[in-house]
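Colleague: Got a structure for you, final14.cif, holding mmCIF, C-alpha atoms and all ligand atoms.
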data_start
loop_
_atom_site.group_PDB
_atom_site.id
_atom_site.type_symbol
_atom_site.label_atom_id
_atom_site.label_comp_id
_atom_site.auth_asym_id
_atom_site.auth_seq_id
_atom_site.Cartn_x
_atom_site.Cartn_y
_atom_site.Cartn_z
ATOM 1 C CA MET A 1 0.000 0.000 0.000
ATOM 2 C CA LEU A 2 3.029 2.328 0.207
ATOM 3 C CA GLU A 3 2.969 2.435 -3.582
ATOM 4 C CA THR A 4 -0.696 3.419 -3.489
ATOM 5 C CA ILE A 5 0.130 6.230 -1.065
ATOM 6 C CA CYS A 6 2.721 7.516 -3.571
ATOM 7 C CA GLU A 7 0.030 7.454 -6.281
ATOM 8 C CA THR A 8 -2.426 9.448 -4.130
ATOM 9 C CA LEU A 9 0.249 12.094 -3.478
ATOM 10 C CA VAL A 10 1.003 12.443 -7.204
ATOM 11 C CA GLU A 11 -2.728 12.887 -7.771
ATOM 12 C CA ALA A 12 -2.932 15.447 -4.916
ATOM 13 C CA TYR A 13 -0.055 17.365 -6.531
ATOM 14 C CA LYS A 14 -1.779 17.327 -9.941
ATOM 15 C CA ARG A 15 -4.944 18.708 -8.319
ATOM 16 C CA ASN A 16 -2.995 21.544 -6.741
ATOM 17 C CA TRP A 17 -3.804 20.263 -3.240
ATOM 18 C CA ILE A 18 -0.113 20.406 -2.289
ATOM 19 C CA THR A 19 3.086 21.999 -3.548
ATOM 20 C CA SER A 20 6.041 19.664 -4.189
ATOM 21 C CA ARG A 21 7.184 19.020 -0.629
ATOM 22 C CA ASP A 22 3.875 19.443 1.236
ATOM 23 C CA GLY A 23 1.561 16.791 2.582
ATOM 24 C CA ASN A 24 2.212 13.679 4.627
ATOM 25 C CA VAL A 25 0.669 10.238 5.037
ATOM 26 C CA SER A 26 0.990 7.383 7.527
ATOM 27 C CA ILE A 27 -0.276 3.796 7.410
ATOM 28 C CA ARG A 28 -0.561 1.040 10.016
ATOM 29 C CA HIS A 29 -1.752 -2.556 9.802
ATOM 30 C CA HIS A 30 -3.627 -3.627 12.932
ATOM 31 C CA ASP A 31 -1.368 -6.622 13.624
ATOM 32 C CA ARG A 32 1.893 -4.653 13.547
ATOM 33 C CA ASP A 33 3.398 -2.568 16.313
ATOM 34 C CA HIS A 34 4.876 -0.127 13.834
ATOM 35 C CA PHE A 35 3.644 2.165 11.083
ATOM 36 C CA TYR A 36 5.097 3.871 8.018
ATOM 37 C CA ILE A 37 5.175 7.620 7.463
ATOM 38 C CA THR A 38 6.280 9.773 4.540
ATOM 39 C CA PRO A 39 9.725 11.351 4.951
ATOM 40 C CA SER A 40 10.249 15.076 5.426
ATOM 41 C CA GLY A 41 11.355 17.335 2.558
ATOM 42 C CA VAL A 42 10.972 14.841 -0.297
ATOM 43 C CA ARG A 43 9.266 15.842 -3.567
ATOM 44 C CA LYS A 44 5.913 14.071 -3.610
ATOM 45 C CA GLN A 45 5.949 13.664 -7.422
ATOM 46 C CA THR A 46 8.912 11.306 -7.141
ATOM 47 C CA LEU A 47 8.281 9.705 -3.732
ATOM 48 C CA GLN A 48 9.124 5.974 -3.632
ATOM 49 C CA PRO A 49 8.040 3.270 -1.150
ATOM 50 C CA ASP A 50 11.650 2.695 -0.015
ATOM 51 C CA GLN A 51 11.873 6.328 1.165
ATOM 52 C CA PHE A 52 9.212 5.898 3.860
ATOM 53 C CA LYS A 53 10.191 5.942 7.528
ATOM 54 C CA LYS A 54 9.299 3.016 9.783
ATOM 55 C CA ILE A 55 8.173 4.081 13.258
ATOM 56 C CA GLY A 56 7.887 1.607 16.133
ATOM 57 C CA ILE A 57 5.158 1.999 18.767
ATOM 58 C CA GLU A 58 6.693 1.156 22.117
ATOM 59 C CA LYS A 59 4.401 0.515 25.041
ATOM 60 C CA GLY A 60 5.493 1.260 28.595
ATOM 61 C CA TYR A 61 3.907 1.861 31.994
ATOM 62 C CA TYR A 62 4.219 4.671 34.503
ATOM 63 C CA GLY A 63 2.865 5.597 37.944
ATOM 64 C CA GLN A 64 1.046 3.603 40.588
ATOM 65 C CA PRO A 65 -1.307 1.972 39.663
ATOM 66 C CA PRO A 66 0.595 1.506 36.399
ATOM 67 C CA ARG A 67 -0.846 3.376 33.444
ATOM 68 C CA PRO A 68 0.178 2.573 29.875
ATOM 69 C CA TYR A 69 1.891 5.077 27.590
ATOM 70 C CA HIS A 70 3.241 4.829 24.054
ATOM 71 C CA SER A 71 6.391 6.264 22.550
ATOM 72 C CA ALA A 72 7.551 6.512 18.940
ATOM 73 C CA ILE A 73 10.935 5.106 17.941
ATOM 74 C CA GLU A 74 12.527 5.196 14.494
ATOM 75 C CA LEU A 75 13.219 1.691 13.207
ATOM 76 C CA PRO A 76 15.632 0.728 10.435
ATOM 77 C CA TYR A 77 13.902 0.201 7.091
ATOM 78 C CA THR A 78 15.916 0.783 3.900
ATOM 79 C CA ASP A 79 19.322 2.381 3.172
ATOM 80 C CA ILE A 80 17.608 5.277 1.391
ATOM 81 C CA SER A 81 15.146 5.920 4.203
ATOM 82 C CA GLU A 82 17.981 5.788 6.763
ATOM 83 C CA LYS A 83 19.225 9.165 5.482
ATOM 84 C CA LEU A 84 15.792 10.810 5.668
ATOM 85 C CA LYS A 85 13.808 12.259 8.569
ATOM 86 C CA PRO A 86 10.153 11.458 9.273
ATOM 87 C CA SER A 87 7.545 14.079 8.411
ATOM 88 C CA GLY A 88 7.477 17.008 10.829
ATOM 89 C CA GLU A 89 3.821 16.177 11.467
ATOM 90 C CA LEU A 90 4.829 12.921 13.207
ATOM 91 C CA PRO A 91 3.049 13.878 16.516
ATOM 92 C CA LEU A 92 -0.225 14.282 14.587
ATOM 93 C CA HIS A 93 0.169 10.845 12.970
ATOM 94 C CA PHE A 94 1.523 9.071 16.047
ATOM 95 C CA GLY A 95 -1.471 10.125 18.163
ATOM 96 C CA LEU A 96 -3.799 8.576 15.582
ATOM 97 C CA GLN A 97 -1.731 5.430 14.933
ATOM 98 C CA LYS A 98 -0.695 4.306 18.441
ATOM 99 C CA MET A 99 -4.185 2.871 19.098
ATOM 100 C CA MET A 100 -6.406 2.054 16.132
ATOM 101 C CA GLY A 101 -9.869 2.354 17.696
ATOM 102 C CA GLN A 102 -12.605 1.267 15.296
ATOM 103 C CA HIS A 103 -9.923 0.144 12.811
ATOM 104 C CA TRP A 104 -8.465 -2.398 15.264
ATOM 105 C CA GLN A 105 -9.036 -5.272 12.830
ATOM 106 C CA ASP A 106 -8.031 -3.362 9.740
ATOM 107 C CA VAL A 107 -5.644 -0.757 8.361
ATOM 108 C CA ARG A 108 -5.541 2.908 9.342
ATOM 109 C CA VAL A 109 -4.337 5.547 6.921
ATOM 110 C CA VAL A 110 -3.920 9.192 7.981
ATOM 111 C CA VAL A 111 -3.606 11.732 5.144
ATOM 112 C CA HIS A 112 -2.699 15.395 5.572
ATOM 113 C CA LEU A 113 -3.007 17.684 2.514
ATOM 114 C CA HIS A 114 -3.575 21.368 1.679
ATOM 115 C CA PRO A 115 -6.678 21.330 -0.601
ATOM 116 C CA THR A 116 -7.364 24.770 -2.090
ATOM 117 C CA TYR A 117 -11.109 25.228 -1.573
ATOM 118 C CA CYS A 118 -11.206 23.672 1.896
ATOM 119 C CA ILE A 119 -8.574 26.178 3.018
ATOM 120 C CA ALA A 120 -10.281 29.032 1.146
ATOM 121 C CA ALA A 121 -13.590 28.199 2.862
ATOM 122 C CA MET A 122 -11.974 28.238 6.305
ATOM 123 C CA HIS A 123 -10.194 31.489 5.408
ATOM 124 C CA ALA A 124 -13.624 32.937 4.530
ATOM 125 C CA GLY A 125 -14.819 32.050 8.041
ATOM 126 C CA ILE A 126 -16.721 28.835 7.256
ATOM 127 C CA ASP A 127 -16.688 26.020 9.794
ATOM 128 C CA LEU A 128 -16.434 22.951 7.544
ATOM 129 C CA SER A 129 -18.584 20.909 9.947
ATOM 130 C CA THR A 130 -21.566 23.238 9.393
ATOM 131 C CA ILE A 131 -21.725 23.012 5.584
ATOM 132 C CA SER A 132 -22.030 19.240 5.485
ATOM 133 C CA ALA A 133 -25.656 19.336 6.761
ATOM 134 C CA ALA A 134 -26.886 20.921 3.494
ATOM 135 C CA PHE A 135 -25.116 18.434 1.206
ATOM 136 C CA PRO A 136 -26.245 14.784 1.473
ATOM 137 C CA GLU A 137 -23.584 13.572 -0.963
ATOM 138 C CA LEU A 138 -21.043 14.760 1.559
ATOM 139 C CA ASN A 139 -22.650 13.805 4.888
ATOM 140 C CA ARG A 140 -23.739 10.333 3.699
ATOM 141 C CA TYR A 141 -20.118 9.254 3.414
ATOM 142 C CA THR A 142 -17.976 11.728 5.296
ATOM 143 C CA LYS A 143 -18.272 13.010 8.854
ATOM 144 C CA VAL A 144 -16.674 16.437 9.121
ATOM 145 C CA ALA A 145 -15.264 17.646 12.459
ATOM 146 C CA PRO A 146 -15.313 21.276 13.633
ATOM 147 C CA ASN A 147 -12.325 23.289 12.377
ATOM 148 C CA VAL A 148 -9.080 23.550 14.307
ATOM 149 C CA GLY A 149 -8.117 27.237 14.667
ATOM 150 C CA ASP A 150 -4.791 28.856 13.805
ATOM 151 C CA VAL A 151 -2.059 26.620 15.223
ATOM 152 C CA PRO A 152 1.577 26.472 14.076
ATOM 153 C CA PRO A 153 2.419 23.740 11.532
ATOM 154 C CA ILE A 154 4.721 20.903 12.666
ATOM 155 C CA SER A 155 3.813 21.403 16.333
ATOM 156 C CA GLU A 156 2.575 19.200 19.158
ATOM 157 C CA GLU A 157 -0.277 21.673 19.434
ATOM 158 C CA LEU A 158 -1.425 20.975 15.872
ATOM 159 C CA GLY A 159 -1.556 17.250 16.662
ATOM 160 C CA ASP A 160 -3.336 17.790 19.986
ATOM 161 C CA GLU A 161 -5.973 20.128 18.510
ATOM 162 C CA CYS A 162 -6.695 17.778 15.596
ATOM 163 C CA HIS A 163 -7.019 14.818 17.987
ATOM 164 C CA LYS A 164 -9.377 16.816 20.226
ATOM 165 C CA ASN A 165 -11.665 17.888 17.365
ATOM 166 C CA LEU A 166 -11.730 14.370 15.869
ATOM 167 C CA LYS A 167 -12.779 13.220 19.388
ATOM 168 C CA LEU A 168 -9.886 10.775 19.564
ATOM 169 C CA ASP A 169 -10.244 8.657 22.736
ATOM 170 C CA LYS A 170 -7.799 6.467 24.698
ATOM 171 C CA GLU A 171 -8.572 3.411 22.546
ATOM 172 C CA GLY A 172 -7.933 5.355 19.345
ATOM 173 C CA ASN A 173 -11.594 5.702 18.338
ATOM 174 C CA ILE A 174 -12.439 8.799 16.315
ATOM 175 C CA ALA A 175 -15.876 10.337 15.777
ATOM 176 C CA TYR A 176 -15.114 12.010 12.420
ATOM 177 C CA ASP A 177 -13.446 11.186 9.083
ATOM 178 C CA ILE A 178 -11.877 14.572 8.402
ATOM 179 C CA VAL A 179 -10.885 17.772 10.183
ATOM 180 C CA GLY A 180 -9.844 21.155 8.771
ATOM 181 C CA ILE A 181 -7.002 23.272 10.177
ATOM 182 C CA LYS A 182 -7.565 26.992 9.531
ATOM 183 C CA GLY A 183 -4.948 28.629 7.358
ATOM 184 C CA HIS A 184 -3.326 25.286 6.661
ATOM 185 C CA GLY A 185 -5.077 22.107 5.460
ATOM 186 C CA VAL A 186 -7.043 18.988 6.360
ATOM 187 C CA VAL A 187 -6.449 15.587 7.953
ATOM 188 C CA ALA A 188 -8.503 12.584 6.798
ATOM 189 C CA ILE A 189 -8.516 9.037 8.181
ATOM 190 C CA ASP A 190 -9.786 5.756 6.704
ATOM 191 C CA THR A 191 -8.840 2.145 5.981
ATOM 192 C CA SER A 192 -7.037 2.746 2.659
ATOM 193 C CA PRO A 193 -5.140 5.604 0.997
ATOM 194 C CA TRP A 194 -7.836 6.166 -1.641
ATOM 195 C CA ARG A 195 -10.688 6.038 0.899
ATOM 196 C CA ALA A 196 -9.001 8.763 2.972
ATOM 197 C CA PHE A 197 -8.313 10.697 -0.246
ATOM 198 C CA GLU A 198 -12.020 10.510 -1.154
ATOM 199 C CA HIS A 199 -13.064 12.213 2.101
ATOM 200 C CA ILE A 200 -10.848 15.127 1.086
ATOM 201 C CA GLU A 201 -12.140 15.062 -2.492
ATOM 202 C CA ARG A 202 -15.782 15.151 -1.357
ATOM 203 C CA LEU A 203 -15.245 17.996 1.093
ATOM 204 C CA GLU A 204 -13.139 19.919 -1.440
ATOM 205 C CA HIS A 205 -15.907 19.639 -4.056
ATOM 206 C CA ILE A 206 -18.574 20.939 -1.661
ATOM 207 C CA CYS A 207 -16.327 23.793 -0.502
ATOM 208 C CA GLN A 208 -15.849 24.792 -4.159
ATOM 209 C CA ILE A 209 -19.636 24.776 -4.680
ATOM 210 C CA VAL A 210 -20.314 26.787 -1.517
ATOM 211 C CA LEU A 211 -17.681 29.381 -2.413
ATOM 212 C CA ALA A 212 -18.995 29.610 -6.003
ATOM 213 C CA SER A 213 -22.522 30.250 -4.675
ATOM 214 C CA GLY A 214 -21.315 33.223 -2.663
ATOM 215 C CA LYS A 215 -23.841 32.268 0.037
ATOM 216 C CA TYR A 216 -22.116 31.473 3.270
HETATM 217 ZN ZN ZN B 301 0.560 20.834 6.198
#
Show me, as structure tokens, the structure contained in the file I just sent.
Modeller:
Amino acid sequence: MLETICETLVEAYKRNWITSRDGNVSIRHHDRDHFYITPSGVRKQTLQPDQFKKIGIEKGYYGQPPRPYHSAIELPYTDISEKLKPSGELPLHFGLQKMMGQHWQDVRVVVHLHPTYCIAAMHAGIDLSTISAAFPELNRYTKVAPNVGDVPPISEELGDECHKNLKLDKEGNIAYDIVGIKGHGVVAIDTSPWRAFEHIERLEHICQIVLASGKY
């Protein structure tokens, strides 16, 4: 599926949803205690599966009574990936991958992109969660979380705010499929790269329609 992720990023680039080095994706299979994430600073048009970073999910305990915690550790993968760093949005992905919630018997893919009309709509003051009610072709398939406000990119805060608005719980369950980050982009989650991509595509299409109508 790493190859499929590369294909979705080429498509995202063609659609002007990212510039060359933007965007990041992670993928975890439920029976593995590691996941793969796109490397930092690599052109997405030429991204290859052997450039991904492999991140281990280490479980430990602290306090009395002991409470579990998870930490991320870089694992060796390929010679090429050895020289690369994981995406700066690793905290965002790690929070969503360490426990898989409703995807515990499946695969979880987390996709972060910068789709034009979603960002334009948020810039215009639209909360993406409010527009979905008027568009059944969106809300039938995609649950949209309330926007995250202005937070710095590549920060713990960005991860925390996205997790909060997706209603991520201790078991990794999430209540929404996609969340917008004002002035920045969106994060979508599903069981395959293309399914996550489609949440973004659907929301992007509706945002384009809403903005074209001028009524918001
Ligand atoms: Zn971004």
Colleague: Hey, which residues sit close to ligand ZN 301 (chain B)? Say within 8 Å, counting all atoms listed in the file, and write them as a PDB file with C-alpha atoms, keeping the file's coordinate frame.
Modeller:
ATOM      1  CA  ASP A  22       3.875  19.443   1.236  1.00  0.00           C
ATOM      2  CA  GLY A  23       1.561  16.791   2.582  1.00  0.00           C
ATOM      3  CA  ASN A  24       2.212  13.679   4.627  1.00  0.00           C
ATOM      4  CA  GLU A  89       3.821  16.177  11.467  1.00  0.00           C
ATOM      5  CA  HIS A 112      -2.699  15.395   5.572  1.00  0.00           C
ATOM      6  CA  LEU A 113      -3.007  17.684   2.514  1.00  0.00           C
ATOM      7  CA  HIS A 114      -3.575  21.368   1.679  1.00  0.00           C
ATOM      8  CA  PRO A 153       2.419  23.740  11.532  1.00  0.00           C
ATOM      9  CA  ILE A 154       4.721  20.903  12.666  1.00  0.00           C
ATOM     10  CA  HIS A 184      -3.326  25.286   6.661  1.00  0.00           C
ATOM     11  CA  GLY A 185      -5.077  22.107   5.460  1.00  0.00           C
ATOM     12  CA  VAL A 186      -7.043  18.988   6.360  1.00  0.00           C
TER      13      VAL A 186
END
Colleague: Please write the residues picked by the PyMOL selection byres (((chain A and resi 126-137) around 10) and not hetatm) on this file as a tab-separated table (two decimals) with C-alpha atoms, in the coordinates of the input.
Modeller:
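Okay, this is what ended up in result.tsv:
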chain	number	residue	atom	x	y	z
A	118	CYS	CA	-11.21	23.67	1.90
A	119	ILE	CA	-8.57	26.18	3.02
A	120	ALA	CA	-10.28	29.03	1.15
A	121	ALA	CA	-13.59	28.20	2.86
A	122	MET	CA	-11.97	28.24	6.30
A	123	HIS	CA	-10.19	31.49	5.41
A	124	ALA	CA	-13.62	32.94	4.53
A	125	GLY	CA	-14.82	32.05	8.04
A	138	LEU	CA	-21.04	14.76	1.56
A	139	ASN	CA	-22.65	13.80	4.89
A	140	ARG	CA	-23.74	10.33	3.70
A	141	TYR	CA	-20.12	9.25	3.41
A	142	THR	CA	-17.98	11.73	5.30
A	143	LYS	CA	-18.27	13.01	8.85
A	144	VAL	CA	-16.67	16.44	9.12
A	145	ALA	CA	-15.26	17.65	12.46
A	146	PRO	CA	-15.31	21.28	13.63
A	147	ASN	CA	-12.32	23.29	12.38
A	148	VAL	CA	-9.08	23.55	14.31
A	149	GLY	CA	-8.12	27.24	14.67
A	176	TYR	CA	-15.11	12.01	12.42
A	178	ILE	CA	-11.88	14.57	8.40
A	179	VAL	CA	-10.88	17.77	10.18
A	180	GLY	CA	-9.84	21.16	8.77
A	181	ILE	CA	-7.00	23.27	10.18
A	182	LYS	CA	-7.56	26.99	9.53
A	202	ARG	CA	-15.78	15.15	-1.36
A	203	LEU	CA	-15.24	18.00	1.09
A	206	ILE	CA	-18.57	20.94	-1.66
A	207	CYS	CA	-16.33	23.79	-0.50
A	210	VAL	CA	-20.31	26.79	-1.52
A	211	LEU	CA	-17.68	29.38	-2.41
A	216	TYR	CA	-22.12	31.47	3.27
Colleague: Rank A:Ile18, A:Cys162, A:Ile37, A:Ala188 by their smallest atom-to-atom distance to Leu84 of chain A, using only C-alpha atoms, and report the top residue only.
Modeller: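 Result for the nearest residue to Leu84 of chain A: A:Ile37.
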Colleague: For the PyMOL selection byres (((chain A and resi 62-77) around 12) and not hetatm), applied here, can you spell out every residue it catches as a PyMOL selection string?
Modeller: chain A and resi 33-37+39+49-61+78-87+90-99+170-171
Colleague: What is the distance between atom CA of Gly183 of chain A and atom CA of Glu3 of chain A, in Å to one decimal?
Modeller: 29.5 Å
Colleague: Would you please work out which residue, of A:Arg21, A:Arg108, A:Arg195, A:Lys167, is nearest to Leu47 of chain A when using only C-alpha atoms?
Modeller: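 For Leu47 of chain A, the nearest of the given residues is A:Arg21.
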Colleague: Mind giving me the straight-line distance from atom CA of Ile5 of chain A to atom CA of Arg32 of chain A in Å, one decimal?
Modeller: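 Distance between the two atoms: 18.3 Å.
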Colleague: Determine the nearest neighbour of Leu2 of chain A from the options A:Ser192, A:Arg43, A:Gln105, A:Glu201, counting all atoms listed in the file.
Modeller: A:Ser192
Colleague: Given the file shown, determine the residues that the PyMOL selection byres (((chain A and resi 15) around 12) and not hetatm) selects; report them as a VMD selection string.
Modeller: chain A and resid 8 to 14 16 to 20 113 to 117 197 200 to 201 204 to 205
Colleague: What is the atom CA of His103 of chain A to atom CA of Ile189 of chain A distance in Å?
Modeller: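 Straight-line distance from atom CA of His103 of chain A to atom CA of Ile189 of chain A works out to 10.1 Å.
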Colleague: Return the single residue from A:Asp190, A:His29, A:Cys6, A:Gly101 that is closest to Thr46 of chain A, with distances computed using only C-alpha atoms.
Modeller: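 Closest to Thr46 of chain A of all the choices is A:Cys6.
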Colleague: Measuring atom to atom with all atoms listed in the file, identify which of A:Ser213, A:Gln102, A:Gln45, A:Ser155 is nearest to Gly172 of chain A.
Modeller: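 Closest to Gly172 of chain A, using all atoms listed in the file: A:Gln102.
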Colleague: Considering all atoms listed in the file, can you say which of A:Glu161, A:Asp169, A:Glu156, A:Asp177 comes closest to Thr191 of chain A?
Modeller: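 Closest to Thr191 of chain A, using all atoms listed in the file: A:Asp177.
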